[in-house]
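*Asks:* I'm passing along coords.cif; it holds mmCIF, C-alpha atoms.
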data_start
#
loop_
_atom_site.label_atom_id
_atom_site.label_comp_id
_atom_site.auth_asym_id
_atom_site.auth_seq_id
_atom_site.Cartn_x
_atom_site.Cartn_y
_atom_site.Cartn_z
CA MET A 1 12.15 -4.95 -20.39
CA PHE A 2 14.97 -6.47 -18.34
CA SER A 3 15.60 -10.17 -17.96
CA GLU A 4 15.22 -11.71 -14.51
CA ALA A 5 18.99 -12.17 -14.24
CA LEU A 6 20.78 -9.30 -12.52
CA THR A 7 24.30 -8.50 -13.66
CA ALA A 8 26.87 -6.00 -12.45
CA GLU A 9 30.28 -4.66 -13.38
CA VAL A 10 33.03 -4.19 -10.80
CA VAL A 11 34.06 -0.55 -11.19
CA GLY A 12 36.24 -0.22 -8.10
CA VAL A 13 38.07 -2.29 -5.48
CA SER A 14 38.87 -0.87 -2.04
CA ALA A 15 42.44 -0.69 -0.79
CA ILE A 16 41.14 -2.03 2.54
CA SER A 17 40.20 -5.43 1.16
CA PRO A 18 39.52 -6.98 -2.28
CA ARG A 19 36.19 -8.15 -0.85
CA LEU A 20 35.01 -4.54 -0.70
CA CYS A 21 33.97 -3.56 -4.22
CA GLU A 22 31.96 -0.88 -5.97
CA LEU A 23 29.44 -2.27 -8.46
CA ARG A 24 27.49 -0.83 -11.36
CA PHE A 25 24.32 -2.84 -12.02
CA ASP A 26 22.62 -3.27 -15.38
CA ARG A 27 19.61 -1.24 -14.20
CA GLU A 28 18.76 1.46 -11.70
CA GLY A 29 15.90 2.98 -9.72
CA ALA A 30 12.77 0.92 -9.12
CA ALA A 31 13.91 -1.76 -11.58
CA LEU A 32 17.11 -2.35 -9.58
CA TRP A 33 15.35 -2.43 -6.20
CA GLY A 34 12.70 -4.77 -7.56
CA ALA A 35 15.34 -7.19 -8.84
CA LEU A 36 17.30 -7.06 -5.57
CA TYR A 37 14.17 -7.83 -3.56
CA ARG A 38 13.23 -10.73 -5.85
CA LEU A 39 16.67 -12.29 -6.25
CA GLY A 40 18.61 -11.22 -3.17
CA ARG A 41 18.84 -12.85 0.24
CA PRO A 42 18.89 -11.09 3.61
CA VAL A 43 22.19 -10.85 5.46
CA GLN A 44 22.33 -13.50 8.17
CA TYR A 45 25.00 -14.99 10.39
CA ALA A 46 26.02 -18.61 10.86
CA TYR A 47 24.24 -19.16 14.19
CA VAL A 48 20.88 -18.96 12.34
CA ALA A 49 20.71 -22.22 10.38
CA GLU A 50 17.50 -21.74 8.39
CA PRO A 51 17.26 -19.17 5.56
CA LEU A 52 15.62 -15.96 6.72
CA ALA A 53 12.67 -14.35 4.98
CA LEU A 54 12.96 -10.69 4.07
CA TRP A 55 10.38 -9.60 6.65
CA SER A 56 12.41 -11.34 9.37
CA VAL A 57 15.15 -8.73 9.03
CA GLN A 58 13.07 -5.57 8.75
CA THR A 59 11.70 -3.40 11.51
CA VAL A 60 7.98 -2.64 11.40
CA PHE A 61 8.77 0.99 10.57
CA ALA A 62 11.33 0.25 7.82
CA ALA A 63 11.12 2.69 4.91
CA ARG A 64 13.83 3.53 2.37
CA PRO A 65 16.06 0.50 1.57
CA TRP A 66 19.37 2.02 2.64
CA ALA A 67 20.63 -0.51 5.19
CA ALA A 68 22.78 -3.51 4.29
CA GLU A 69 21.58 -5.35 7.38
CA MET A 70 18.81 -4.81 9.89
CA PRO A 71 19.34 -2.07 12.51
CA SER A 72 18.39 -4.73 15.04
CA ALA A 73 17.79 -2.62 18.16
CA GLY A 74 14.45 -1.53 16.69
CA ARG A 75 13.25 -5.03 15.89
CA PRO A 76 11.42 -5.61 19.25
CA LEU A 77 9.42 -2.39 18.77
CA ASP A 78 6.15 -3.50 17.21
CA TRP A 79 3.28 -1.08 16.57
CA GLU A 80 1.54 -2.00 19.82
CA THR A 81 4.66 -1.03 21.78
CA LEU A 82 5.22 2.16 19.79
CA LEU A 83 1.61 3.29 20.27
CA ALA A 84 1.81 2.50 24.00
CA LEU A 85 4.95 4.65 24.26
CA ARG A 86 3.18 7.50 22.48
CA ARG A 87 0.16 7.24 24.81
CA ALA A 88 2.60 7.42 27.73
CA GLY A 89 3.91 10.75 26.44
CA VAL A 90 6.99 9.58 24.57
CA GLU A 91 7.44 11.50 21.33
CA LEU A 92 8.67 9.41 18.40
CA ALA A 93 10.85 10.66 15.55
CA ALA A 94 12.67 8.99 12.68
CA VAL A 95 15.99 9.12 10.86
CA THR A 96 17.30 7.18 7.87
CA HIS A 97 20.79 5.70 8.13
CA ALA A 98 22.64 3.34 5.80
CA ALA A 99 23.61 0.76 8.41
CA GLY A 100 26.41 -1.37 7.02
CA LEU A 101 27.58 -4.85 7.89
CA SER A 102 28.74 -5.44 11.45
CA SER A 103 31.02 -8.32 10.44
CA VAL A 104 32.14 -10.14 7.28
CA GLY A 105 34.44 -12.74 8.83
CA ASP A 106 37.58 -11.17 7.36
CA PRO A 107 39.72 -9.87 10.27
CA GLU A 108 41.40 -7.20 8.14
CA LEU A 109 38.09 -5.86 6.83
CA ASP A 110 36.28 -6.25 10.14
CA ALA A 111 38.95 -4.10 11.80
CA ALA A 112 38.00 -1.26 9.42
CA LEU A 113 34.29 -1.41 10.22
CA PRO A 114 32.13 0.57 10.45
CA LEU A 115 32.84 2.21 7.12
CA PRO A 116 31.47 5.70 6.36
CA GLU A 117 27.68 5.60 6.14
CA ARG A 118 25.14 8.12 4.88
CA PHE A 119 22.35 9.61 6.97
CA ASP A 120 19.25 11.72 6.53
CA VAL A 121 17.80 13.66 9.47
CA PRO A 122 14.45 15.32 8.66
CA GLU A 123 13.28 18.67 9.96
CA ALA A 124 10.53 17.01 12.01
CA THR A 125 13.14 15.05 13.97
CA VAL A 126 15.25 18.12 14.68
CA ALA A 127 12.11 19.88 15.94
CA ALA A 128 11.15 16.90 18.13
CA ILE A 129 14.59 16.87 19.75
CA ALA A 130 14.37 20.62 20.37
CA ARG A 131 10.98 20.15 22.08
CA ALA A 132 12.39 17.37 24.26
CA ARG A 133 15.27 19.60 25.33
CA ALA A 134 12.91 22.53 26.03
CA ARG A 135 10.80 20.49 28.43
CA GLY A 136 13.78 18.84 30.13
CA GLY A 137 13.27 15.46 28.49
CA ARG A 138 15.80 12.93 27.24
CA VAL A 139 16.70 11.91 23.70
CA ILE A 140 16.88 8.11 23.50
CA ALA A 141 18.26 6.54 20.33
CA VAL A 142 17.01 3.14 19.25
CA GLY A 143 20.33 1.56 18.39
CA THR A 144 23.84 2.83 17.83
CA THR A 145 22.86 3.35 14.19
CA VAL A 146 20.58 6.21 15.25
CA VAL A 147 23.30 7.55 17.56
CA ARG A 148 25.70 7.59 14.63
CA ALA A 149 23.20 9.41 12.42
CA LEU A 150 22.36 12.13 14.95
CA GLU A 151 25.84 12.63 16.36
CA GLY A 152 27.41 12.42 12.91
CA ASN A 153 24.97 15.06 11.69
CA ALA A 154 25.80 17.38 14.60
CA ARG A 155 29.54 16.91 14.09
CA ARG A 156 29.30 17.61 10.36
CA PHE A 157 27.11 20.70 10.59
CA GLY A 158 28.37 22.05 13.94
CA ALA A 159 24.95 21.49 15.53
CA LEU A 160 22.03 19.20 14.82
CA ARG A 161 20.09 20.36 11.79
CA ALA A 162 17.96 18.85 9.07
CA GLY A 163 19.98 17.43 6.23
CA SER A 164 21.73 14.51 4.62
CA GLY A 165 25.38 13.58 4.61
CA GLU A 166 27.91 10.89 5.39
CA THR A 167 29.63 10.12 8.67
CA ASP A 168 32.72 8.16 9.64
CA LEU A 169 31.99 8.59 13.35
CA VAL A 170 33.01 5.66 15.55
CA LEU A 171 31.55 5.48 19.05
CA GLY A 172 33.66 4.42 22.01
CA PRO A 173 34.79 5.26 25.54
CA ASP A 174 36.38 8.55 24.46
CA PHE A 175 33.31 9.84 22.62
CA VAL A 176 31.02 12.29 24.44
CA PRO A 177 27.50 12.44 22.90
CA ARG A 178 26.16 15.91 22.19
CA VAL A 179 22.64 15.03 21.03
CA VAL A 180 21.72 11.63 22.45
CA ASP A 181 21.23 10.95 26.18
CA GLY A 182 20.79 7.18 26.06
CA VAL A 183 20.38 4.18 23.80
CA VAL A 184 18.22 1.10 23.37
CA THR A 185 20.50 -1.74 22.32
CA GLY A 186 20.80 -5.49 22.05
CA MET A 187 22.82 -7.69 24.38
CA HIS A 188 26.54 -7.37 23.69
CA GLY A 189 29.31 -8.89 25.77
CA PRO A 190 32.94 -7.99 26.44
CA GLY A 191 35.17 -8.67 23.47
CA GLU A 192 32.49 -7.77 20.93
CA SER A 193 32.95 -4.64 18.84
CA HIS A 194 29.48 -3.41 19.78
CA PHE A 195 30.41 -3.58 23.46
CA GLU A 196 33.06 -0.92 22.80
CA LEU A 197 30.50 1.31 21.05
CA LEU A 198 28.29 1.25 24.13
CA ARG A 199 31.11 2.59 26.28
CA ALA A 200 30.15 6.02 24.96
CA PHE A 201 27.18 5.74 27.37
CA ALA A 202 28.44 3.63 30.29
CA GLY A 203 31.67 2.49 31.87
CA GLU A 204 33.15 -0.92 31.18
CA ALA A 205 32.40 -2.22 34.68
CA ALA A 206 28.72 -1.28 34.47
CA LEU A 207 28.36 -2.82 31.00
CA ARG A 208 30.07 -6.02 32.13
CA ALA A 209 27.81 -6.28 35.18
CA GLY A 210 24.74 -5.69 33.02
CA PHE A 211 25.75 -8.34 30.51
CA GLU A 212 26.58 -10.87 33.23
CA HIS A 213 23.19 -10.26 34.84
CA ALA A 214 21.43 -10.67 31.47
CA ALA A 215 23.30 -13.90 30.71
CA ALA A 216 22.50 -15.35 34.15
CA ALA A 217 18.83 -14.39 33.77
CA GLY A 218 18.55 -16.10 30.39
CA TYR A 219 18.37 -13.05 28.15
CA VAL A 220 19.14 -13.73 24.49
CA ALA A 221 21.93 -12.00 22.56
CA HIS A 222 22.46 -11.29 18.85
CA GLU A 223 20.14 -9.40 16.51
CA PHE A 224 17.04 -11.48 17.28
CA GLY A 225 17.54 -11.29 21.03
CA ASP A 226 16.48 -9.06 23.89
CA ALA A 227 17.04 -5.33 24.31
CA ALA A 228 18.49 -3.15 27.03
CA LEU A 229 18.13 0.53 27.88
CA ILE A 230 21.34 2.39 28.75
CA VAL A 231 20.85 5.92 30.10
CA PRO A 232 23.60 7.52 32.22
CA GLY A 233 22.18 8.77 35.51
CA LEU A 234 18.74 7.19 35.04
CA ALA A 235 18.94 5.01 38.15
CA ARG A 236 19.92 7.97 40.34
CA ALA A 237 17.12 10.08 38.88
CA ALA A 238 14.57 7.33 39.51
#
Show me the file's structure as structure tokens.

*Replies:*
Amino acid sequence: MFSEALTAEVVGVSAISPRLCELRFDREGAALWGALYRLGRPVQYAYVAEPLALWSVQTVFAARPWAAEMPSAGRPLDWETLLALRRAGVELAAVTHAAGLSSVGDPELDAALPLPERFDVPEATVAAIARARARGGRVIAVGTTVVRALEGNARRFGALRAGSGETDLVLGPDFVPRVVDGVVTGMHGPGESHFELLRAFAGEAALRAGFEHAAAAGYVAHEFGDAALIVPGLARAA
């Protein structure tokens, strides 16, 4: 029987920043996760004044507790929306990715983000992507986290295949996606690190125009805000 207090030993400190440490807790497995869920607090940023409940920072389809903070692009997708997409012929598939922090407020450490993150792409997802390709469909990632998992997988193994691993892939204007055709994302403006990630799917001018339109129309930014769909060539196809 463990006490309610949770203790840990610092077993490593990163050369990047002393704020980045490796810990060894006094328990493991279900006992560790149970203590973290009871005693821990969700990651939240200063613009949200009130403490957040755990369910406020989880998507409805959250599963294994790998992520340090919510992969927020999927937050607007409730079960009603997901079922409506499926009825419309959209095939849904899942990945698990250890989404890390997007910012810690330390310029030196923030410049090194994102750090390497682990992924797990199941066989069912690889098969779903193959079916989409066979019928001429598109692969749309819900968030850059999913892009990183799929593209990092393909880069590690030479082609997309089922498996787990770790990726240090950083998206940006010079990155050409091999697996993903488009992305659902939150509202991110020029000067934000996430804005640069999205340049893997659209030019700077188009992203700026989209953000300016969203701001003028009253769309909400940050992780609890609105979402956008970015698919190169979609407007011409429509």

*Asks:* Selection in question (the file shown): the PyMOL selection byres ((chain A and resi 149) around 8). Which residues does it include, as a list in words?

*Replies:*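 Checked against the file, the PyMOL selection byres ((chain A and resi 149) around 8) matches Val95, Thr96, His97, Arg118, Phe119, Asp120, Val121, Thr145, Val146, Val147, Arg148, Leu150, Glu151, Gly152, Asn153 and Thr167 of chain A.
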
*Asks:* If you measure from atom CA of A:Leu20 to atom CA of A:His188, what distance in Å do you get, rounded to one decimal?

*Replies:*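 Atom CA of A:His188 lies at a distance of 26.0 Å from atom CA of A:Leu20.
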
*Asks:* Neighbours of A:Ser17 within 12 Å (all atoms listed in the file; same-chain residues fewer than 5 positions away dropped), as a PyMOL selection string?

*Replies:* chain A and resi 12+22+104+106-113

*Asks:* List as a compact mmCIF listing (two decimals) with C-alpha atoms, in the frame of the given file the protein and nucleic acid residues near stretch 183-185 of chain A, meaning an atom at most 9 Å away when only C-alpha atoms are counted, but skip any in the same chain fewer than 4 places from it.

*Replies:*
# COMPACT_ATOMS: atom_id res chain seq x y z
CA SER A 72 18.39 -4.73 15.04
CA ALA A 73 17.79 -2.62 18.16
CA GLY A 74 14.45 -1.53 16.69
CA VAL A 139 16.70 11.91 23.70
CA ILE A 140 16.88 8.11 23.50
CA ALA A 141 18.26 6.54 20.33
CA VAL A 142 17.01 3.14 19.25
CA GLY A 143 20.33 1.56 18.39
CA THR A 144 23.84 2.83 17.83
CA VAL A 146 20.58 6.21 15.25
CA VAL A 147 23.30 7.55 17.56
CA LEU A 198 28.29 1.25 24.13
CA PHE A 201 27.18 5.74 27.37
CA ASP A 226 16.48 -9.06 23.89
CA ALA A 227 17.04 -5.33 24.31
CA ALA A 228 18.49 -3.15 27.03
CA LEU A 229 18.13 0.53 27.88
CA ILE A 230 21.34 2.39 28.75
CA VAL A 231 20.85 5.92 30.10

*Asks:* List the residues matched by the PyMOL selection byres ((chain A and resi 29-42) around 12) in the displayed structure as a PyMOL selection string, ordered by chain and then by residue number.

*Replies:* chain A and resi 1-8+24-28+43-45+48+50-58+64-70+101

*Asks:* Do you have the atom CA of A:Gly182-atom CA of A:Arg138 distance handy?

*Replies:*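 Computing the Euclidean distance for atom CA of A:Gly182 and atom CA of A:Arg138 yields 7.7 Å.
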
*Asks:* Record the distance separating atom CA of A:Thr125 and atom CA of A:Ser164, expressed in Å with one decimal.

*Replies:* 12.7 Å

*Asks:* Considering only C-alpha atoms, state which residue in the set A:Tyr219, A:Leu115, A:Leu83, A:Pro173 is at the smallest distance from A:Gly100.

*Replies:* A:Leu115

*Asks:* Compare A:Met187, A:Pro76, A:Val220, A:Arg178 by their minimum atom-to-atom distance to A:Leu207, counting all atoms listed in the file, and give me the closest one.

*Replies:*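 Smallest distance to A:Leu207 is found for A:Met187.
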
*Asks:* Quick check on the file I pasted: which residues fall under the PyMOL selection byres ((chain A and resi 159) around 12)? Write them as an MDAnalysis selection string.

*Replies:* chainID A and resid 126 130 150:158 160:163 177:179

*Asks:* Kindly indicate which residue among A:Leu77, A:Leu85, A:Arg133, A:Gly165 lies nearest to A:Pro116, using all atoms listed in the file for the distances.

*Replies:*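 Closest candidate: A:Gly165.
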
*Asks:* Nearest residue to A:Ala214 out of A:Ser103, A:Gly186, A:Ala88, A:Ala98, using all atoms listed in the file?

*Replies:*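 Closest residue, counting all atoms listed in the file: A:Gly186.
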